[in-house]
Amino acid sequence: MRSPLTRRGFLAAGSGLAAATALPALSGCSALAAADSDPDTLVVHSQLGTTAPGSPTYLAALKRFREENPGLEVRNLVNGDDLAQVYETSRLARKEADVVMVNLYDKTLAWTDVGATVDVKEYLDGWGLRARVRPEALTAWTDGEGRVRAFPYFATNWPVAYNRELLDRAGVDTIPTTGDELIAAARRLRAKGIAPVTVGGNDWTGQKLLAQIIQTFLSEDEARHVYTTGDFGGRGAKEGIDYFVALRDAGVFADKAQGLISDSMTTQFNTRSAAIVSQMSSGLAKVPEEVARHTEVGGWPLAPGAAHDKPTILRTYTLIGFWISPNGRKKIEHVERFLRFMYRPETVSRFIEESGRDMALRSDTVSTGFPLVAAAQRLGDDVSQVLLPDVYVPPAASQPLITATSTSFTRGTSAAKVRATLEAAYRSV
Amino acid sequence: MKLGKRWLPAHLLAWLYAVLLLVPLYYFLASAFKSNDEIFAHPFALPASLGLGNFSTAFTSADLGLAVVNSALVTGVALLLTLVLAVPAAFALARSTGRAAAVVEQVFSLGFLIPTFAALFPTFLLAAATGLFHTRTFMVLFLPATAMPLSVVILVQFMRTVPREMEEAARLDGASTYAVLRHVYAPMCLPGIATVLLLNFLTFWNEYLYSLVIIGPDPAQRTVQVALPTLKAITGTDYGVLTAGTVLTLVPVWVVYTVLQRRMQQALISGAVKM
Amino acid sequence: MTTLTSTPGGTASRRPAPPSPAPAARTSPRQGGTILAVPALVWYLVFMVGPLLAIFVIAALRWPGMLQPVSYAGPDNFRTVFGDPAFWDAVRNTAVQLAVALPIMIVCAYMLGYYVAQRPPGHRVLRYLLFIPGLISTPAKAMVFYAALSPDGLVNGALESVGLGSLTDAWLASPSTALACLIALDVWSGIGFTAVLFAARLGSVPAELGEAAQLDGAGHWSTMWRVHFPVIRDYVGVVTMLQFLWTLFGSAQHVLLLTQGGPGTSSTTLSFLVYQKAFIAADLGYSQSVGVVLFLAGLAGLLAIRRVFRQNY
């Protein structure tokens, strides 16, 4: 057999490739695999580090921490939405990171119970950091048995932002504070071709807004009961659903809101194609200056007979916190150094100043570069607060509830159907 | 064969479909130069400017350089291993006549019946049990196994087209079994090998879920398909950056496809792929 | 499963049967080498058949979450699965998906393959382009489909620009269209690759065959279906089988990225149910039980397709 030139080249390239790749692959793997259990390496598993709000500030903080602790290596592992799933599989294989930065929601609600992460109460007190935490945050992060699930860190206000410029253009003089005013405003906005309330009816933003509107007729205790048990049959919950359906069918929400996601919602508001949005602080921080200048923050309009006396907003202290894993407990002195650093007033201030984040820690710093975030902080008692259901919804119902959201935002879905869909989300619990 | 006027609808439909296939490429390229506001307001409009900011953001913040190296490493070594395993196996199966060979061939065909998503969790347990969890090594070992059914089946068909007189001639010259494989079968099956390489390259390079769970989030280990989604955040994704990152990861695929596709087309046109 | 490895039988009637190893073995026994199949087999048994068997074991366990304690459940999981309306919705959706996607994909791909095999102008470019869906990763494909089908997307934009604004919809979020969108994605990405395979096989059909038929006055349409199709019928069967399995097992990622199975359960497929129960709802026993059902469904479908395409000698 004569071997053609191409074949010889092919084989040479093949063996060259083999030699070039196989060696570093094998040696590299063993070296890197060892780092997981290296006593002088702190492994942090985080949602911050790429493009999530606050990432640059976080990366800069990591850099300063490394400089202060030359003997300690810090590795930051980043995952997006699938962090909880990746952490759980890591934990099952006993290779989890030492510190996890994630919010209290869905899967993470079960972590303390099943020992995926440890109770941090003794550390919080032992390191004298309890006084740094805002009391509401501590309550939110404490579970039914008095365990503190994680070190609180990020919080958020979740007000409703109104673009005054667009409202004016449609001839709406005052920010609506009742359902009727909102419906009237929506009608005028639509007449000018402006979408009224934009919302990601197909994802978590829709789920939160729906929960907020349903709570119009619920006290805090009732709301907690409804979202823990999935029983939407009570009088208050039913009235809330009726209110939501009435608003929806009057055209308050953007067209086809059931198909929108949070990113389309943000874009519609930021590009002035929608006038009203329910937006958390990290989103408010990203409203462009020329829109922010004309924007006012407030609450969600009420209906007659509401359980609240002022328009409502959501507030939560259970965004990203620092969870400590069983692996982390073995290197607790490193974890301590890291947390003491992250809890320092100056580190916290930077998140407020540079990234416009709300914090679950005490701080006097007010963000100047993010006027809407600061305005939301100042709302204080001008608005009434409803419950963020995240902490009470059983993990198995979290995802089904989001799937149910899109049905609820579809025009023409009856109140009875909305209730049935929401209750069906709890079926697998 | 002459294609008359009556073929006009066929021309139109075929090229319409081809255009539909090009839409994603256009979308990625256009979006990579846009901001979120532009992407959502006018998803398929041309970009207003051609700044490379999104590309550099994607490259640095998701550590794509390292991820591409990891992907190349995993894909390259896994492909090599696939060939090392599949070529001799196909050689053996194509030449043997016994009942055992027929059974083995059927066992390989059984691989098509394994539901990918259902096998993910057991595979994860296997990775944890072997201590190779959170390493690229496991994927390098695992991927060739997933490729075995299709690769063996394709290669067996190629090997069966080799005329037996050629082997006999080689044997008369005193060639060993290895030499027969090396000098008779392998050269004649190069188009088949190219086909197997290309198909598996695409699968390996684009593999996401197994890599996500098994290799995990460590930037030193993760592949591009795991690194890219870290650019997505539940609280707001920059789609310009995400599509720019996607374009960057498509480049190697495109290069390999363009290089190997000639050989594959040749293989396919020769009609030798009979599966 | 032998059909998977069978050579196209249709050619047998026109030229001598493809050389089968048997006669050669008589004249010169090919010695040695069978051992060469062992490493591949071992590899495959460890990494593929091992997990497959584990699916059956875990299906008999109560495992209510990755980090939760495990206990023996016997057939309880199957009882739960068969009593769950969501499972039956998924069965229905999967059946619809296969019944719609598969015939469209195979028929269109066959015709497209036939077209390309006639070497019309630009067929090389066409062949090059037909492979594109195979180059793009699933999350990237999903991103494009989202951009096209979202409320402000390409499809709605196109409808509005031609004055059909009343037909616009939130395609991925409407119970009546969500599944159709997923099927469209399957078909869009499936036709190209399948057509490349068919074109290749048709290219090896002797040209005289078609020419003879045309001399007899047959048009292209009847040549395509009456002359060429019977010749490569077995091959079509094999490709159909592969596409059937890929569609059956592979839809989970599309569903996950585009609709999450919603609204309600209107786009939940069986393979998504496997993923959802394992990684979202954290019920591993349930998930693996559905995995067993999928395996059996794959096997049943395989045998059925084999029957349909079997040559009538």
# chains A, B, ... in the order shown; residues from 1 in each chain; ligands from 1
>>> select_by_dssp(residues="stretch 220-392 of chain A", states="strand (DSSP E)", output="list in words")
Ala274, Ala275, Ile276, Val277, Ser278, Thr295, Glu296, Val297, Gly298, Thr312, Ile313, Leu314, Arg315, Thr316, Gly321, Phe322, Trp323, Ile324, Asp358, Met359, Ser384, Gln385 and Val386 of chain A
>>> interface_residues(of="chain B", to="chain A", cutoff="9 Å", atoms="only C-alpha atoms", output="PyMOL selection string")
chain B and resi 36-38+40-41+57-58+60-62+70+72-74+76-77+80+124-125+127-129+131-137+170+183-184+187+190+212-214+216-221+226-227+229-238+241
>>> interface_residues(of="chain B", to="chain C", cutoff="7 Å", atoms="only C-alpha atoms", output="ChimeraX atom specification")
/B:1,14,18,21,24,43-44,85-86,88-89,92-93,95-97,106,109,113-119,122-123,142,145-146,148,153,177,202,206,253,268-271,274-275
>>> write_last_selection(atoms="N, CA and C atoms", output="short mmCIF file (atom, residue, chain, number, x, y, z; two decimals), in the first residue's frame")
data_model
loop_
_atom_site.label_atom_id
_atom_site.label_comp_id
_atom_site.auth_asym_id
_atom_site.auth_seq_id
_atom_site.Cartn_x
_atom_site.Cartn_y
_atom_site.Cartn_z
N MET B 1 -28.71 14.74 -15.01
CA MET B 1 -30.15 14.88 -15.17
C MET B 1 -30.54 16.34 -15.36
N ALA B 14 -35.86 24.76 -1.28
CA ALA B 14 -34.58 24.34 -0.74
C ALA B 14 -33.78 25.54 -0.25
N ALA B 18 -32.49 26.88 3.42
CA ALA B 18 -31.10 27.24 3.67
C ALA B 18 -31.00 28.61 4.34
N LEU B 21 -31.75 28.39 7.87
CA LEU B 21 -30.63 27.85 8.62
C LEU B 21 -29.59 28.92 8.93
N PRO B 24 -29.86 31.96 12.48
CA PRO B 24 -29.16 32.01 13.76
C PRO B 24 -27.78 32.66 13.66
N PRO B 43 -34.77 42.77 17.49
CA PRO B 43 -33.88 41.60 17.59
C PRO B 43 -33.10 41.30 16.32
N PHE B 44 -33.68 41.59 15.15
CA PHE B 44 -33.00 41.16 13.94
C PHE B 44 -32.49 42.33 13.10
N LEU B 85 -10.35 3.24 20.48
CA LEU B 85 -11.25 2.16 20.89
C LEU B 85 -12.09 1.65 19.71
N ALA B 86 -12.63 2.59 18.93
CA ALA B 86 -13.65 2.19 17.94
C ALA B 86 -13.03 1.56 16.70
N PRO B 88 -10.21 -0.37 16.20
CA PRO B 88 -9.93 -1.80 16.33
C PRO B 88 -11.21 -2.62 16.52
N ALA B 89 -12.16 -2.06 17.28
CA ALA B 89 -13.39 -2.81 17.52
C ALA B 89 -14.13 -3.04 16.21
N ALA B 92 -12.37 -5.61 14.17
CA ALA B 92 -12.62 -6.96 14.64
C ALA B 92 -14.02 -7.42 14.23
N LEU B 93 -15.00 -6.56 14.43
CA LEU B 93 -16.38 -6.96 14.15
C LEU B 93 -16.61 -7.15 12.66
N ARG B 95 -14.57 -8.17 10.47
CA ARG B 95 -13.88 -9.32 9.90
C ARG B 95 -14.36 -10.64 10.47
N SER B 96 -14.97 -10.60 11.65
CA SER B 96 -15.26 -11.90 12.24
C SER B 96 -16.64 -12.37 11.83
N THR B 97 -16.82 -13.64 11.88
CA THR B 97 -18.04 -14.24 11.35
C THR B 97 -18.81 -14.94 12.45
N GLN B 106 -24.81 -6.16 18.35
CA GLN B 106 -26.14 -5.81 18.85
C GLN B 106 -26.05 -5.08 20.19
N SER B 109 -25.41 -1.62 19.51
CA SER B 109 -26.62 -0.94 19.01
C SER B 109 -27.56 -0.57 20.15
N LEU B 113 -30.41 3.21 22.65
CA LEU B 113 -31.66 3.16 23.43
C LEU B 113 -31.51 3.75 24.82
N ILE B 114 -30.34 4.26 25.16
CA ILE B 114 -30.16 4.78 26.51
C ILE B 114 -30.63 6.23 26.58
N PRO B 115 -31.66 6.50 27.39
CA PRO B 115 -32.16 7.88 27.47
C PRO B 115 -31.13 8.78 28.16
N THR B 116 -30.63 9.74 27.40
CA THR B 116 -29.53 10.58 27.87
C THR B 116 -29.80 11.22 29.23
N PHE B 117 -30.98 11.81 29.37
CA PHE B 117 -31.23 12.58 30.58
C PHE B 117 -31.42 11.68 31.78
N ALA B 118 -31.97 10.49 31.54
CA ALA B 118 -32.17 9.57 32.65
C ALA B 118 -30.83 9.03 33.13
N ALA B 119 -29.86 8.90 32.21
CA ALA B 119 -28.58 8.33 32.59
C ALA B 119 -27.67 9.35 33.26
N PRO B 122 -27.24 8.60 37.26
CA PRO B 122 -26.37 7.45 37.51
C PRO B 122 -24.92 7.71 37.09
N THR B 123 -24.74 8.42 35.99
CA THR B 123 -23.37 8.71 35.54
C THR B 123 -22.66 9.61 36.56
N PHE B 142 -15.47 9.37 29.67
CA PHE B 142 -16.88 9.06 29.49
C PHE B 142 -17.37 9.32 28.05
N ALA B 145 -17.22 6.62 25.40
CA ALA B 145 -18.19 5.55 25.58
C ALA B 145 -19.52 5.91 24.94
N THR B 146 -19.93 7.18 25.12
CA THR B 146 -21.21 7.59 24.52
C THR B 146 -21.13 7.56 23.00
N MET B 148 -19.42 5.39 21.26
CA MET B 148 -19.13 4.05 20.75
C MET B 148 -20.20 3.51 19.80
N VAL B 153 -20.73 1.44 14.61
CA VAL B 153 -21.66 1.07 13.55
C VAL B 153 -21.22 1.66 12.21
N THR B 177 -1.69 -8.94 12.02
CA THR B 177 -3.04 -8.39 12.12
C THR B 177 -2.98 -6.88 12.27
N LEU B 202 -18.51 17.46 17.05
CA LEU B 202 -19.63 18.36 17.30
C LEU B 202 -20.34 18.00 18.61
N ASN B 206 -20.10 20.48 21.95
CA ASN B 206 -21.34 21.14 22.36
C ASN B 206 -21.97 20.53 23.60
N VAL B 253 -15.58 25.49 16.03
CA VAL B 253 -16.48 24.51 15.41
C VAL B 253 -16.50 24.73 13.91
N LEU B 268 -19.75 10.50 2.44
CA LEU B 268 -21.18 10.33 2.31
C LEU B 268 -21.58 10.11 0.86
N ILE B 269 -20.93 10.88 -0.04
CA ILE B 269 -21.29 10.77 -1.44
C ILE B 269 -20.90 9.40 -1.99
N SER B 270 -19.79 8.89 -1.50
CA SER B 270 -19.37 7.58 -1.98
C SER B 270 -20.36 6.52 -1.52
N GLY B 271 -21.28 6.93 -0.68
CA GLY B 271 -22.36 6.02 -0.31
C GLY B 271 -21.95 4.97 0.67
N LYS B 274 -23.58 3.50 5.59
CA LYS B 274 -24.85 2.77 5.47
C LYS B 274 -25.43 2.50 6.83
N MET B 275 -24.70 2.83 7.86
CA MET B 275 -25.14 2.60 9.23
C MET B 275 -25.67 1.21 9.41
#
>>> interface_residues(of="chain C", to="chain A", cutoff="9 Å", atoms="only C-alpha atoms", output="list of chain:residue names")
C:Met66, C:Leu67, C:Gln68, C:Pro69, C:Ser150, C:Pro151, C:Asp152, C:Asp169, C:Ala170, C:Trp171, C:Leu172, C:Ala173, C:Ser174, C:Pro175, C:Thr259, C:Gln260, C:Gly261, C:Gly262, C:Pro263, C:Gly264, C:Thr265, C:Phe279, C:Ile280, C:Ala281, C:Ala282
>>> atom_distance(atom1="atom CA of C:Arg62", atom2="atom CA of A:Ser325")
25.4 Å
>>> select_by_dssp(residues="stretch 177-237 of chain A", states="alpha helix (DSSP H)", output="PyMOL selection string")
chain A and resi 179-191+204-214+220-229+235-237
>>> write_last_selection(atoms="C-alpha atoms", output="CSV table (one decimal), in the first residue's frame")
chain,number,residue,atom,x,y,z
A,179,GLY,CA,-56.8,50.2,41.0
A,180,ASP,CA,-59.3,52.4,39.2
A,181,GLU,CA,-56.7,55.2,38.7
A,182,LEU,CA,-54.3,52.6,37.4
A,183,ILE,CA,-56.9,51.2,34.9
A,184,ALA,CA,-57.7,54.8,33.8
A,185,ALA,CA,-54.0,55.5,33.4
A,186,ALA,CA,-53.5,52.3,31.4
A,187,ARG,CA,-56.2,53.3,29.0
A,188,ARG,CA,-54.7,56.7,28.4
A,189,LEU,CA,-51.2,55.2,27.9
A,190,ARG,CA,-52.5,52.6,25.5
A,191,ALA,CA,-54.1,55.4,23.5
A,204,TRP,CA,-40.0,35.1,38.5
A,205,THR,CA,-40.7,38.8,38.0
A,206,GLY,CA,-44.3,37.9,37.1
A,207,GLN,CA,-44.6,35.5,40.0
A,208,LYS,CA,-43.5,38.2,42.5
A,209,LEU,CA,-45.9,40.8,41.1
A,210,LEU,CA,-48.7,38.3,41.1
A,211,ALA,CA,-47.9,37.5,44.7
A,212,GLN,CA,-47.8,41.2,45.6
A,213,ILE,CA,-51.2,41.9,44.0
A,214,ILE,CA,-52.9,38.9,45.6
A,220,GLU,CA,-48.9,39.3,56.8
A,221,ASP,CA,-50.0,36.2,58.7
A,222,GLU,CA,-52.6,35.3,56.2
A,223,ALA,CA,-50.2,35.7,53.4
A,224,ARG,CA,-47.7,33.5,55.1
A,225,HIS,CA,-50.4,30.8,55.6
A,226,VAL,CA,-51.5,31.1,51.9
A,227,TYR,CA,-48.0,30.7,50.5
A,228,THR,CA,-46.9,28.0,52.9
A,229,THR,CA,-49.9,25.8,52.3
A,235,ARG,CA,-61.6,35.2,51.3
A,236,GLY,CA,-58.6,37.5,51.1
A,237,ALA,CA,-56.7,35.4,48.6
>>> closest_residue(among="A:Lys310, A:Arg357, A:Lys331, A:Lys417", to="A:Asp381", atoms="only C-alpha atoms")
A:Lys310
>>> atom_distance(atom1="atom CA of A:Asp38", atom2="atom CA of A:Pro70")
15.4 Å
>>> residues_around(residues="A:Gly71", least_positions_apart="5", cutoff="10 Å", atoms="only C-alpha atoms", output="JSON, numbers by chain")
{"A": [40, 41, 66]}
>>> atom_distance(atom1="atom CA of B:Glu168", atom2="atom CA of B:Leu155")
20.5 Å
>>> residues_around(residues="A:Arg340", least_positions_apart="3", cutoff="8 Å", atoms="only C-alpha atoms", output="VMD selection string")
chain A and resid 127 129 336 to 337 343 to 344
